[in-house]
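All remarks here apply to the structure that follows.
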Amino acid sequence: LPAPGRALGAPAGCSLSPLPFLGTVPSPLLSPRCANPAGAAFQYLLVQKTGTLKNVGLIQLNRPQALNALCDGLMAELGQALEAMERDPRVGAIVLTGSQKAFAAGADIKEMQSKTFQECYSGGFLAGWDKVSVVRKPIIAAVNGYALGGGCELAMMCDIIYAGEKAQFGQPEILLGTIPGAGGTQRLTRAVGKSLAMEMVLTGDQISAKEAKEAGLVSKVYPVEKLLDAAIACAEKIANNSKLVTAMAKESVNAAFETTLTEGNRTEKRLFYATFATSDRKEGMTAFVEKRKAKFTDS
């Protein structure tokens with residue numbers, strides 16, 4: 001949902017030229033104004049691989065004229081980009097970001113304004129958004145500016161949220177006569193507790209990055225200009241571990257988020273035992289005993 005009272009205008013100097021998925025890029029920082037449109041694969045995204053070993057996938061939402069409002073086309077492209085990174089054996093972690101002004105100011109209200117109940121129900125409206133939450137590789141949301149409505153829900157679908165110090169989080173759907181429809185009432189409640197989630201959902205009020213950190217919604221807060229570098233650095237740490245075991249670890253943590261303690265412990269034990277069937281578990285423990293750095297093969 002767009003920020004109440006805010007005009008939807010493109011930041012000065014920005015164009016809509018997207019960047020294709022590339023193997024090498026001279027800088028890990030993305031800017032619409034310096035993107036090369038040659039052979040562009042996406043209209044609403046800037047996509048590349050970054051990091052010292054080019055093992056981090058970086059996706060920037062690129063719809064500045066609408067504060068990165070999440071239209072159907074953008075979400076379809078996001079699913080395609082995530083599928084490409086899921087298939088890429090070199091990518092070990094993904095960073096999802098927007099602009100300094102807005103991570104994503106919400107779903108595209110103009111697209112949903114005339115929808116009927118029948119259309120929403122029979123067509124499974126917003127069901128495709130779940131793609132973000134089922135990607136097996138870890139996703140870090142680097143949130144600057146507005147993360148409202150669908151934008152907040154999108155960030156919460158990611159595994160880790162880093163926020164710029166001026167970020168704003170909120171679920172203002174109530175102000176438009178509706179409620180969150182992409183997990184906002186569920187993930188927000190699990191992240192910050194019933195009282196704060198209820199307050200945010202029922203009033204539409206926003207919380208700051210500092211408040212989001214204190215409530216447990218985000219893990220770290222950085223100055224705006226340092227946020228993306230910090231998220232990429234975290235993604236590099238993750239990507240340098242065994243991709244196979246990392247996927248197991250992510251599955252186990254998600255079990256704690258989504259199931260009972262008893263069932264979560266069963267999942268953890270099953271996955272823990274499974275690591276003993278991998279070459280990477282053997283290499284990791286052998287390297288520790290031999291006091292050297294492990295050389296994982298993702299097998």
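Ordering of the structure tokens sets the chain letters (A, B, ...); residue numbers start at 1 within each chain; ligands are numbered from 1 in the order shown.
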
Residues at most 12 Å from A:Lys293, counting only C-alpha atoms, excluding those fewer than 4 positions away in the same chain, as a CSV table (one decimal) with N, CA, C and O atoms, in the first residue's frame?
```csv
chain,number,residue,atom,x,y,z
A,240,ASN,N,29.7,-18.5,1.7
A,240,ASN,CA,30.9,-19.2,1.8
A,240,ASN,C,30.8,-20.6,2.5
A,240,ASN,O,31.8,-21.3,2.6
A,241,ASN,N,29.7,-20.8,3.2
A,241,ASN,CA,29.5,-22.1,3.8
A,241,ASN,C,28.9,-23.1,2.8
A,241,ASN,O,28.7,-22.8,1.7
A,283,GLU,N,34.2,-32.8,5.9
A,283,GLU,CA,35.3,-31.8,5.6
A,283,GLU,C,35.3,-30.7,6.7
A,283,GLU,O,36.4,-30.3,7.1
A,284,GLY,N,34.2,-30.3,7.1
A,284,GLY,CA,34.1,-29.2,8.1
A,284,GLY,C,34.7,-29.6,9.4
A,284,GLY,O,35.5,-28.9,10.0
A,285,MET,N,34.4,-30.8,9.9
A,285,MET,CA,34.9,-31.3,11.2
A,285,MET,C,36.4,-31.7,11.0
A,285,MET,O,37.2,-31.5,12.0
A,286,THR,N,36.8,-32.2,9.9
A,286,THR,CA,38.2,-32.6,9.7
A,286,THR,C,39.0,-31.3,9.7
A,286,THR,O,40.1,-31.3,10.2
A,287,ALA,N,38.5,-30.3,9.0
A,287,ALA,CA,39.3,-29.0,8.9
A,287,ALA,C,39.4,-28.4,10.3
A,287,ALA,O,40.5,-27.8,10.6
A,288,PHE,N,38.4,-28.5,11.1
A,288,PHE,CA,38.4,-28.0,12.5
A,288,PHE,C,39.5,-28.7,13.3
A,288,PHE,O,40.3,-28.1,14.0
A,289,VAL,N,39.5,-30.0,13.2
A,289,VAL,CA,40.5,-30.8,13.9
A,289,VAL,C,41.9,-30.5,13.4
A,289,VAL,O,42.9,-30.4,14.2
```

Could you give me, as number ranges by chain, the residues within 12 Å of stretch 254-270 of chain A, counting only C-alpha atoms and dropping anything in the same chain fewer than 6 positions from it? A: 133-136, 138, 157-160, 186-191, 247-248, 276-277

Selection file, N, CA and C atoms, as a PDB file, in the first residue's frame:
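Ended up saving to selection22.pdb:
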```pdb
ATOM      1  N   SER A 133       9.015 -16.941  -0.109  1.00  0.00           N
ATOM      2  CA  SER A 133       9.158 -17.630   1.175  1.00  0.00           C
ATOM      3  C   SER A 133       9.580 -19.083   1.036  1.00  0.00           C
ATOM      4  N   VAL A 134       9.532 -19.639  -0.186  1.00  0.00           N
ATOM      5  CA  VAL A 134       9.885 -21.053  -0.347  1.00  0.00           C
ATOM      6  C   VAL A 134      11.216 -21.256  -1.071  1.00  0.00           C
ATOM      7  N   VAL A 135      11.893 -20.174  -1.411  1.00  0.00           N
ATOM      8  CA  VAL A 135      13.231 -20.308  -1.988  1.00  0.00           C
ATOM      9  C   VAL A 135      14.139 -20.964  -0.954  1.00  0.00           C
ATOM     10  N   ARG A 136      14.936 -21.937  -1.359  1.00  0.00           N
ATOM     11  CA  ARG A 136      15.747 -22.690  -0.403  1.00  0.00           C
ATOM     12  C   ARG A 136      17.025 -21.951  -0.005  1.00  0.00           C
ATOM     13  N   PRO A 138      19.112 -18.725   1.328  1.00  0.00           N
ATOM     14  CA  PRO A 138      18.779 -17.619   2.235  1.00  0.00           C
ATOM     15  C   PRO A 138      18.620 -16.296   1.495  1.00  0.00           C
ATOM     16  N   MET A 157       8.898 -12.084   4.282  1.00  0.00           N
ATOM     17  CA  MET A 157       9.064 -13.377   3.622  1.00  0.00           C
ATOM     18  C   MET A 157      10.534 -13.764   3.521  1.00  0.00           C
ATOM     19  N   CYS A 158      11.417 -12.775   3.634  1.00  0.00           N
ATOM     20  CA  CYS A 158      12.846 -13.049   3.571  1.00  0.00           C
ATOM     21  C   CYS A 158      13.319 -13.654   4.890  1.00  0.00           C
ATOM     22  N   ASP A 159      14.529 -14.161   4.912  1.00  0.00           N
ATOM     23  CA  ASP A 159      15.035 -14.866   6.094  1.00  0.00           C
ATOM     24  C   ASP A 159      15.669 -13.941   7.122  1.00  0.00           C
ATOM     25  N   ILE A 160      16.272 -12.865   6.651  1.00  0.00           N
ATOM     26  CA  ILE A 160      16.923 -11.886   7.518  1.00  0.00           C
ATOM     27  C   ILE A 160      16.525 -10.506   7.018  1.00  0.00           C
ATOM     28  N   GLN A 186       0.058 -12.654   9.952  1.00  0.00           N
ATOM     29  CA  GLN A 186       0.653 -13.874  10.493  1.00  0.00           C
ATOM     30  C   GLN A 186       2.146 -13.710  10.812  1.00  0.00           C
ATOM     31  N   ARG A 187       2.923 -13.279   9.840  1.00  0.00           N
ATOM     32  CA  ARG A 187       4.369 -13.150  10.078  1.00  0.00           C
ATOM     33  C   ARG A 187       4.681 -12.009  11.046  1.00  0.00           C
ATOM     34  N   LEU A 188       3.939 -10.911  10.935  1.00  0.00           N
ATOM     35  CA  LEU A 188       4.193  -9.789  11.841  1.00  0.00           C
ATOM     36  C   LEU A 188       3.904 -10.188  13.277  1.00  0.00           C
ATOM     37  N   THR A 189       2.833 -10.906  13.512  1.00  0.00           N
ATOM     38  CA  THR A 189       2.480 -11.333  14.868  1.00  0.00           C
ATOM     39  C   THR A 189       3.539 -12.266  15.439  1.00  0.00           C
ATOM     40  N   ARG A 190       4.036 -13.187  14.619  1.00  0.00           N
ATOM     41  CA  ARG A 190       5.085 -14.098  15.077  1.00  0.00           C
ATOM     42  C   ARG A 190       6.398 -13.362  15.349  1.00  0.00           C
ATOM     43  N   ALA A 191       6.638 -12.282  14.614  1.00  0.00           N
ATOM     44  CA  ALA A 191       7.897 -11.555  14.766  1.00  0.00           C
ATOM     45  C   ALA A 191       7.893 -10.595  15.950  1.00  0.00           C
ATOM     46  N   ALA A 247      20.980 -24.884   3.373  1.00  0.00           N
ATOM     47  CA  ALA A 247      19.563 -25.127   3.083  1.00  0.00           C
ATOM     48  C   ALA A 247      18.913 -25.934   4.202  1.00  0.00           C
ATOM     49  N   MET A 248      19.656 -26.894   4.762  1.00  0.00           N
ATOM     50  CA  MET A 248      19.141 -27.677   5.886  1.00  0.00           C
ATOM     51  C   MET A 248      18.926 -26.787   7.111  1.00  0.00           C
ATOM     52  N   PHE A 276      25.327 -35.828   8.407  1.00  0.00           N
ATOM     53  CA  PHE A 276      26.380 -36.840   8.517  1.00  0.00           C
ATOM     54  C   PHE A 276      26.477 -37.714   7.261  1.00  0.00           C
ATOM     55  N   ALA A 277      25.564 -37.500   6.338  1.00  0.00           N
ATOM     56  CA  ALA A 277      25.634 -38.196   5.055  1.00  0.00           C
ATOM     57  C   ALA A 277      26.298 -37.319   3.990  1.00  0.00           C
TER      58      ALA A 277
END
```

When DSSP is applied to the backbone of this structure, which of stretch 93-284 of chain A are assigned helix (DSSP H, G or I)? Write them out as a count of residues only. 111

Quick one: residues within 6 Å of stretch 192-208 of chain A, only C-alpha atoms counted, chain neighbours fewer than 6 positions away excluded, as a compact mmCIF listing (two decimals) with N, CA, C and O atoms, in the first residue's frame?
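Below you can see selection_30.txt, which holds the result:
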```txt
# COMPACT_ATOMS: atom_id res chain seq x y z
N GLN A 168 10.88 2.68 7.45
CA GLN A 168 9.58 2.69 8.11
C GLN A 168 8.83 1.42 7.73
O GLN A 168 8.74 1.07 6.55
N PHE A 169 8.29 0.73 8.73
CA PHE A 169 7.55 -0.50 8.51
C PHE A 169 6.10 -0.31 8.93
O PHE A 169 5.82 0.32 9.94
N GLY A 170 5.18 -0.89 8.16
CA GLY A 170 3.78 -0.76 8.53
C GLY A 170 2.87 -1.62 7.69
O GLY A 170 3.22 -2.07 6.61
N GLN A 171 1.67 -1.87 8.23
CA GLN A 171 0.60 -2.58 7.53
C GLN A 171 -0.63 -1.66 7.53
O GLN A 171 -1.54 -1.85 8.33
N PRO A 172 -0.68 -0.69 6.61
CA PRO A 172 -1.76 0.30 6.64
C PRO A 172 -3.01 -0.08 5.85
O PRO A 172 -3.81 0.79 5.51
N ALA A 215 11.69 -4.56 18.57
CA ALA A 215 10.58 -5.52 18.58
C ALA A 215 10.97 -6.88 18.02
O ALA A 215 10.22 -7.84 18.15
N GLY A 216 12.15 -6.97 17.38
CA GLY A 216 12.59 -8.24 16.83
C GLY A 216 12.22 -8.45 15.37
O GLY A 216 12.43 -9.54 14.83
```

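With only C-alpha atoms as the atoms that count, the minimum distance from A:Thr50 to the choices A:Glu211, A:Asp298, A:Glu290, A:Glu236 is reached by A:Glu236.
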
Compile a residue-level contact table for stretch 72-165 of chain A against stretch 41-46 of chain A at a cut-off of 10 Å, reporting for every qualifying residue the shortest atom pair and its distance in Å to one decimal, with only C-alpha atoms counted, rows ordered by chain and ascending number, as a tab-separated table.
```
residue	atom	partner	partner_atom	distance
A:Gly73	CA	A:Tyr44	CA	7.5
A:Leu74	CA	A:Tyr44	CA	5.4
A:Met75	CA	A:Tyr44	CA	8.9
A:Ala76	CA	A:Tyr44	CA	9.7
A:Glu77	CA	A:Phe42	CA	6.7
A:Leu78	CA	A:Leu45	CA	7.4
A:Gln80	CA	A:Phe42	CA	9.4
A:Ala81	CA	A:Leu45	CA	8.7
A:Thr97	CA	A:Leu46	CA	9.8
A:Gly98	CA	A:Leu45	CA	9.3
```

Could the residues in this selection be written to a file with all heavy atoms, as an mmCIF file, in the first residue's frame?
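Output (selection_22.cif):
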```cif
data_model
loop_
_atom_site.group_PDB
_atom_site.id
_atom_site.type_symbol
_atom_site.label_atom_id
_atom_site.label_comp_id
_atom_site.auth_asym_id
_atom_site.auth_seq_id
_atom_site.Cartn_x
_atom_site.Cartn_y
_atom_site.Cartn_z
ATOM 1 N N GLY A 73 3.379 -7.451 -12.675
ATOM 2 C CA GLY A 73 4.568 -7.641 -13.503
ATOM 3 C C GLY A 73 5.833 -7.714 -12.689
ATOM 4 O O GLY A 73 6.711 -8.552 -12.950
ATOM 5 N N LEU A 74 5.946 -6.854 -11.677
ATOM 6 C CA LEU A 74 7.139 -6.865 -10.831
ATOM 7 C C LEU A 74 7.242 -8.177 -10.067
ATOM 8 O O LEU A 74 8.320 -8.773 -9.999
ATOM 9 C CB LEU A 74 7.103 -5.674 -9.864
ATOM 10 C CG LEU A 74 8.350 -5.440 -8.996
ATOM 11 C CD1 LEU A 74 8.447 -3.966 -8.597
ATOM 12 C CD2 LEU A 74 8.356 -6.303 -7.740
ATOM 13 N N MET A 75 6.139 -8.632 -9.505
ATOM 14 C CA MET A 75 6.189 -9.858 -8.714
ATOM 15 C C MET A 75 6.460 -11.077 -9.595
ATOM 16 O O MET A 75 7.136 -12.023 -9.166
ATOM 17 C CB MET A 75 4.894 -10.031 -7.929
ATOM 18 C CG MET A 75 4.700 -8.990 -6.833
ATOM 19 S SD MET A 75 6.099 -8.873 -5.671
ATOM 20 C CE MET A 75 6.050 -10.500 -4.911
ATOM 21 N N ALA A 76 5.954 -11.057 -10.831
ATOM 22 C CA ALA A 76 6.247 -12.154 -11.751
ATOM 23 C C ALA A 76 7.737 -12.178 -12.081
ATOM 24 O O ALA A 76 8.369 -13.236 -12.107
ATOM 25 C CB ALA A 76 5.421 -12.005 -13.027
ATOM 26 N N GLU A 77 8.323 -10.997 -12.316
ATOM 27 C CA GLU A 77 9.747 -10.917 -12.596
ATOM 28 C C GLU A 77 10.578 -11.338 -11.396
ATOM 29 O O GLU A 77 11.609 -12.003 -11.540
ATOM 30 C CB GLU A 77 10.126 -9.496 -13.018
ATOM 31 C CG GLU A 77 9.617 -9.115 -14.390
ATOM 32 C CD GLU A 77 10.101 -7.759 -14.856
ATOM 33 O OE1 GLU A 77 10.826 -7.068 -14.086
ATOM 34 O OE2 GLU A 77 9.780 -7.367 -15.986
ATOM 35 N N LEU A 78 10.129 -10.970 -10.205
ATOM 36 C CA LEU A 78 10.847 -11.356 -9.001
ATOM 37 C C LEU A 78 10.882 -12.876 -8.874
ATOM 38 O O LEU A 78 11.909 -13.464 -8.528
ATOM 39 C CB LEU A 78 10.194 -10.732 -7.771
ATOM 40 C CG LEU A 78 10.841 -11.049 -6.414
ATOM 41 C CD1 LEU A 78 12.312 -10.639 -6.397
ATOM 42 C CD2 LEU A 78 10.080 -10.354 -5.282
ATOM 43 N N GLN A 80 10.788 -15.005 -11.320
ATOM 44 C CA GLN A 80 11.708 -15.492 -12.347
ATOM 45 C C GLN A 80 13.164 -15.312 -11.914
ATOM 46 O O GLN A 80 13.991 -16.204 -12.106
ATOM 47 C CB GLN A 80 11.457 -14.755 -13.660
ATOM 48 C CG GLN A 80 10.111 -15.046 -14.294
ATOM 49 C CD GLN A 80 9.772 -14.069 -15.405
ATOM 50 O OE1 GLN A 80 10.634 -13.319 -15.879
ATOM 51 N NE2 GLN A 80 8.523 -14.064 -15.829
ATOM 52 N N ALA A 81 13.471 -14.146 -11.338
ATOM 53 C CA ALA A 81 14.841 -13.879 -10.892
ATOM 54 C C ALA A 81 15.248 -14.834 -9.770
ATOM 55 O O ALA A 81 16.375 -15.342 -9.753
ATOM 56 C CB ALA A 81 14.966 -12.429 -10.425
ATOM 57 N N THR A 97 16.628 -5.746 -2.288
ATOM 58 C CA THR A 97 16.593 -4.364 -1.816
ATOM 59 C C THR A 97 15.732 -3.513 -2.737
ATOM 60 O O THR A 97 15.226 -3.977 -3.759
ATOM 61 C CB THR A 97 18.020 -3.792 -1.702
ATOM 62 O OG1 THR A 97 17.994 -2.557 -0.978
ATOM 63 C CG2 THR A 97 18.643 -3.562 -3.077
ATOM 64 N N GLY A 98 15.547 -2.247 -2.354
ATOM 65 C CA GLY A 98 14.817 -1.295 -3.183
ATOM 66 C C GLY A 98 15.677 -0.061 -3.383
ATOM 67 O O GLY A 98 16.880 -0.167 -3.621
#
```

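Closest approach to A:Arg281 among A:Gln100, A:Ile179, A:Val245, A:Ala163 is made by A:Val245 (distances from only C-alpha atoms).
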
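Of note, atom CA of A:Gly183 and atom CA of A:Leu70 are spaced 14.8 Å apart.
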
DSSP says strand (DSSP E) for which residues of stretch 60-261 of chain A? Put them as a short mmCIF file (atom, residue, chain, number, x, y, z; two decimals) with all heavy atoms, in the first residue's frame?
```cif
data_model
loop_
_atom_site.label_atom_id
_atom_site.label_comp_id
_atom_site.auth_asym_id
_atom_site.auth_seq_id
_atom_site.Cartn_x
_atom_site.Cartn_y
_atom_site.Cartn_z
N GLN A 60 17.39 -5.71 -7.07
CA GLN A 60 16.89 -4.40 -6.65
C GLN A 60 15.55 -4.14 -7.34
O GLN A 60 15.44 -4.20 -8.57
CB GLN A 60 17.85 -3.27 -7.02
CG GLN A 60 17.37 -1.90 -6.54
CD GLN A 60 18.29 -0.78 -6.96
OE1 GLN A 60 19.06 -0.93 -7.91
NE2 GLN A 60 18.26 0.32 -6.24
N LEU A 61 14.52 -3.88 -6.54
CA LEU A 61 13.23 -3.49 -7.10
C LEU A 61 13.41 -2.14 -7.78
O LEU A 61 13.98 -1.22 -7.20
CB LEU A 61 12.18 -3.40 -5.99
CG LEU A 61 12.04 -4.64 -5.09
CD1 LEU A 61 10.94 -4.41 -4.05
CD2 LEU A 61 11.76 -5.89 -5.91
N ALA A 93 23.60 -17.12 -1.56
CA ALA A 93 22.68 -16.30 -0.79
C ALA A 93 22.21 -15.15 -1.67
O ALA A 93 22.86 -14.82 -2.68
CB ALA A 93 23.33 -15.77 0.48
N ILE A 94 21.10 -14.55 -1.30
CA ILE A 94 20.46 -13.52 -2.12
C ILE A 94 20.17 -12.29 -1.26
O ILE A 94 19.74 -12.42 -0.11
CB ILE A 94 19.15 -14.05 -2.73
CG1 ILE A 94 19.43 -15.30 -3.58
CG2 ILE A 94 18.44 -12.98 -3.55
CD1 ILE A 94 18.18 -16.10 -3.91
N VAL A 95 20.41 -11.11 -1.82
CA VAL A 95 20.03 -9.86 -1.17
C VAL A 95 18.93 -9.21 -2.00
O VAL A 95 19.05 -9.07 -3.22
CB VAL A 95 21.22 -8.89 -1.05
CG1 VAL A 95 20.77 -7.53 -0.53
CG2 VAL A 95 22.30 -9.47 -0.14
N LEU A 96 17.84 -8.83 -1.34
CA LEU A 96 16.72 -8.16 -1.99
C LEU A 96 16.61 -6.75 -1.42
O LEU A 96 16.52 -6.57 -0.20
CB LEU A 96 15.43 -8.93 -1.73
CG LEU A 96 14.13 -8.33 -2.30
CD1 LEU A 96 14.18 -8.25 -3.82
CD2 LEU A 96 12.93 -9.16 -1.85
N THR A 97 16.63 -5.75 -2.29
CA THR A 97 16.59 -4.36 -1.82
C THR A 97 15.73 -3.51 -2.74
O THR A 97 15.23 -3.98 -3.76
CB THR A 97 18.02 -3.79 -1.70
OG1 THR A 97 17.99 -2.56 -0.98
CG2 THR A 97 18.64 -3.56 -3.08
N ALA A 102 12.42 4.00 -0.90
CA ALA A 102 11.40 2.98 -0.62
C ALA A 102 11.91 1.60 -0.97
O ALA A 102 12.37 1.37 -2.09
CB ALA A 102 10.13 3.27 -1.41
N PHE A 103 11.83 0.68 -0.01
CA PHE A 103 12.01 -0.73 -0.31
C PHE A 103 10.86 -1.16 -1.21
O PHE A 103 11.05 -1.57 -2.34
CB PHE A 103 12.03 -1.53 1.00
CG PHE A 103 12.07 -3.02 0.80
CD1 PHE A 103 13.23 -3.64 0.36
CD2 PHE A 103 10.95 -3.81 1.05
CE1 PHE A 103 13.28 -5.02 0.18
CE2 PHE A 103 10.99 -5.18 0.87
CZ PHE A 103 12.16 -5.78 0.44
N ALA A 104 9.66 -1.00 -0.71
CA ALA A 104 8.44 -1.15 -1.50
C ALA A 104 7.30 -0.55 -0.68
O ALA A 104 7.08 -0.95 0.46
CB ALA A 104 8.14 -2.62 -1.83
N ILE A 139 17.64 -15.51 1.90
CA ILE A 139 17.38 -14.19 1.32
C ILE A 139 17.46 -13.14 2.42
O ILE A 139 16.81 -13.26 3.46
CB ILE A 139 16.00 -14.12 0.66
CG1 ILE A 139 15.83 -15.25 -0.37
CG2 ILE A 139 15.80 -12.76 -0.01
CD1 ILE A 139 14.45 -15.27 -1.01
N ILE A 140 18.26 -12.11 2.19
CA ILE A 140 18.38 -10.99 3.12
C ILE A 140 17.66 -9.79 2.52
O ILE A 140 17.97 -9.38 1.40
CB ILE A 140 19.85 -10.63 3.39
CG1 ILE A 140 20.60 -11.83 3.96
CG2 ILE A 140 19.94 -9.43 4.34
CD1 ILE A 140 22.10 -11.61 4.07
N ALA A 141 16.71 -9.23 3.23
CA ALA A 141 16.05 -8.00 2.80
C ALA A 141 16.84 -6.82 3.34
O ALA A 141 17.05 -6.72 4.56
CB ALA A 141 14.61 -7.96 3.31
N ALA A 142 17.29 -5.94 2.45
CA ALA A 142 17.98 -4.72 2.85
C ALA A 142 16.99 -3.57 2.65
O ALA A 142 16.75 -3.14 1.52
CB ALA A 142 19.23 -4.50 2.01
N VAL A 143 16.41 -3.11 3.74
CA VAL A 143 15.25 -2.20 3.67
C VAL A 143 15.65 -0.77 4.01
O VAL A 143 16.03 -0.46 5.13
CB VAL A 143 14.15 -2.66 4.64
CG1 VAL A 143 12.97 -1.69 4.61
CG2 VAL A 143 13.68 -4.07 4.29
N TYR A 146 10.42 3.28 2.83
CA TYR A 146 9.13 2.68 3.16
C TYR A 146 9.10 1.19 2.88
O TYR A 146 9.48 0.73 1.80
CB TYR A 146 8.01 3.34 2.35
CG TYR A 146 7.79 4.79 2.69
CD1 TYR A 146 8.09 5.79 1.78
CD2 TYR A 146 7.26 5.16 3.92
CE1 TYR A 146 7.89 7.14 2.08
CE2 TYR A 146 7.06 6.50 4.25
CZ TYR A 146 7.37 7.48 3.32
OH TYR A 146 7.18 8.80 3.63
N ALA A 147 8.63 0.41 3.85
CA ALA A 147 8.29 -1.00 3.68
C ALA A 147 6.88 -1.14 4.26
O ALA A 147 6.71 -1.49 5.43
CB ALA A 147 9.27 -1.92 4.39
N LEU A 148 5.89 -0.82 3.43
CA LEU A 148 4.52 -0.73 3.90
C LEU A 148 3.63 -1.73 3.19
O LEU A 148 3.83 -2.03 2.01
CB LEU A 148 3.98 0.69 3.66
CG LEU A 148 4.79 1.84 4.25
CD1 LEU A 148 4.15 3.18 3.90
CD2 LEU A 148 4.92 1.69 5.76
N ILE A 160 16.27 -12.87 6.65
CA ILE A 160 16.92 -11.89 7.52
C ILE A 160 16.52 -10.51 7.02
O ILE A 160 16.45 -10.28 5.81
CB ILE A 160 18.47 -12.02 7.48
CG1 ILE A 160 18.91 -13.40 7.95
CG2 ILE A 160 19.15 -10.93 8.29
CD1 ILE A 160 20.39 -13.69 7.72
N ILE A 161 16.25 -9.59 7.94
CA ILE A 161 15.96 -8.20 7.54
C ILE A 161 17.00 -7.27 8.17
O ILE A 161 17.15 -7.23 9.39
CB ILE A 161 14.56 -7.75 7.98
CG1 ILE A 161 13.48 -8.67 7.44
CG2 ILE A 161 14.30 -6.31 7.52
CD1 ILE A 161 12.07 -8.31 7.89
N TYR A 162 17.75 -6.56 7.31
CA TYR A 162 18.60 -5.45 7.72
C TYR A 162 17.87 -4.17 7.32
O TYR A 162 17.30 -4.11 6.23
CB TYR A 162 19.95 -5.50 7.02
CG TYR A 162 20.96 -6.46 7.61
CD1 TYR A 162 20.63 -7.36 8.62
CD2 TYR A 162 22.28 -6.46 7.15
CE1 TYR A 162 21.57 -8.23 9.14
CE2 TYR A 162 23.23 -7.33 7.67
CZ TYR A 162 22.88 -8.21 8.66
OH TYR A 162 23.81 -9.08 9.17
N ALA A 163 17.92 -3.16 8.19
CA ALA A 163 17.20 -1.92 7.90
C ALA A 163 18.13 -0.72 7.93
O ALA A 163 19.05 -0.65 8.74
CB ALA A 163 16.07 -1.72 8.90
N GLY A 164 17.89 0.22 7.05
CA GLY A 164 18.53 1.52 7.13
C GLY A 164 17.87 2.31 8.25
O GLY A 164 16.70 2.09 8.56
N GLN A 168 10.88 2.68 7.45
CA GLN A 168 9.58 2.69 8.11
C GLN A 168 8.83 1.42 7.73
O GLN A 168 8.74 1.07 6.55
CB GLN A 168 8.76 3.91 7.67
CG GLN A 168 9.32 5.25 8.12
CD GLN A 168 9.07 5.51 9.59
OE1 GLN A 168 7.99 5.18 10.12
NE2 GLN A 168 10.04 6.10 10.28
N PHE A 169 8.29 0.73 8.73
CA PHE A 169 7.55 -0.50 8.51
C PHE A 169 6.10 -0.31 8.93
O PHE A 169 5.82 0.32 9.94
CB PHE A 169 8.16 -1.65 9.32
CG PHE A 169 9.57 -2.00 8.95
CD1 PHE A 169 10.65 -1.30 9.49
CD2 PHE A 169 9.83 -3.01 8.04
CE1 PHE A 169 11.96 -1.61 9.14
CE2 PHE A 169 11.14 -3.34 7.68
CZ PHE A 169 12.20 -2.63 8.23
N GLY A 170 5.18 -0.89 8.16
CA GLY A 170 3.78 -0.76 8.53
C GLY A 170 2.87 -1.62 7.69
O GLY A 170 3.22 -2.07 6.61
N GLN A 206 2.84 3.29 11.48
CA GLN A 206 4.15 2.77 11.09
C GLN A 206 5.10 2.76 12.28
O GLN A 206 4.91 3.50 13.25
CB GLN A 206 4.74 3.64 9.97
CG GLN A 206 3.87 3.73 8.74
CD GLN A 206 4.35 4.80 7.77
OE1 GLN A 206 5.52 5.17 7.76
NE2 GLN A 206 3.44 5.31 6.94
N ILE A 207 6.13 1.91 12.20
CA ILE A 207 7.18 1.92 13.21
C ILE A 207 8.51 2.19 12.53
O ILE A 207 8.70 1.88 11.35
CB ILE A 207 7.25 0.60 14.01
CG1 ILE A 207 7.54 -0.59 13.09
CG2 ILE A 207 5.97 0.38 14.79
CD1 ILE A 207 7.79 -1.89 13.85
N SER A 208 9.42 2.78 13.27
CA SER A 208 10.73 3.13 12.74
C SER A 208 11.65 1.92 12.73
O SER A 208 11.34 0.86 13.31
CB SER A 208 11.36 4.23 13.59
OG SER A 208 11.66 3.72 14.90
N LYS A 220 19.41 -6.02 12.35
CA LYS A 220 20.39 -4.96 12.51
C LYS A 220 19.94 -3.70 11.79
O LYS A 220 19.21 -3.77 10.80
CB LYS A 220 21.76 -5.40 11.99
CG LYS A 220 22.42 -6.48 12.83
CD LYS A 220 23.81 -6.86 12.30
CE LYS A 220 24.42 -7.96 13.15
NZ LYS A 220 25.73 -8.42 12.63
N VAL A 221 20.40 -2.56 12.29
CA VAL A 221 20.10 -1.26 11.68
C VAL A 221 21.41 -0.57 11.35
O VAL A 221 22.34 -0.55 12.16
CB VAL A 221 19.26 -0.37 12.64
CG1 VAL A 221 19.02 1.01 12.01
CG2 VAL A 221 17.94 -1.04 12.98
N TYR A 222 21.49 0.00 10.13
CA TYR A 222 22.71 0.65 9.65
C TYR A 222 22.39 2.03 9.10
O TYR A 222 21.24 2.31 8.72
CB TYR A 222 23.34 -0.18 8.53
CG TYR A 222 23.91 -1.50 8.97
CD1 TYR A 222 23.13 -2.66 8.93
CD2 TYR A 222 25.22 -1.61 9.42
CE1 TYR A 222 23.64 -3.89 9.32
CE2 TYR A 222 25.74 -2.84 9.82
CZ TYR A 222 24.96 -3.96 9.77
OH TYR A 222 25.47 -5.17 10.16
#
```

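Going from atom CA of A:Ala231 over to atom CA of A:Asn144, you cover 11.7 Å.
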
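Counting from atom CA of A:Pro223, the distance to atom CA of A:Glu165 is 5.4 Å.
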
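Among the candidate residues A:Pro180, A:Lys243, A:Gly124, A:Leu227, the one lying nearest to A:Glu86 is A:Lys243, with distances computed using only C-alpha atoms.
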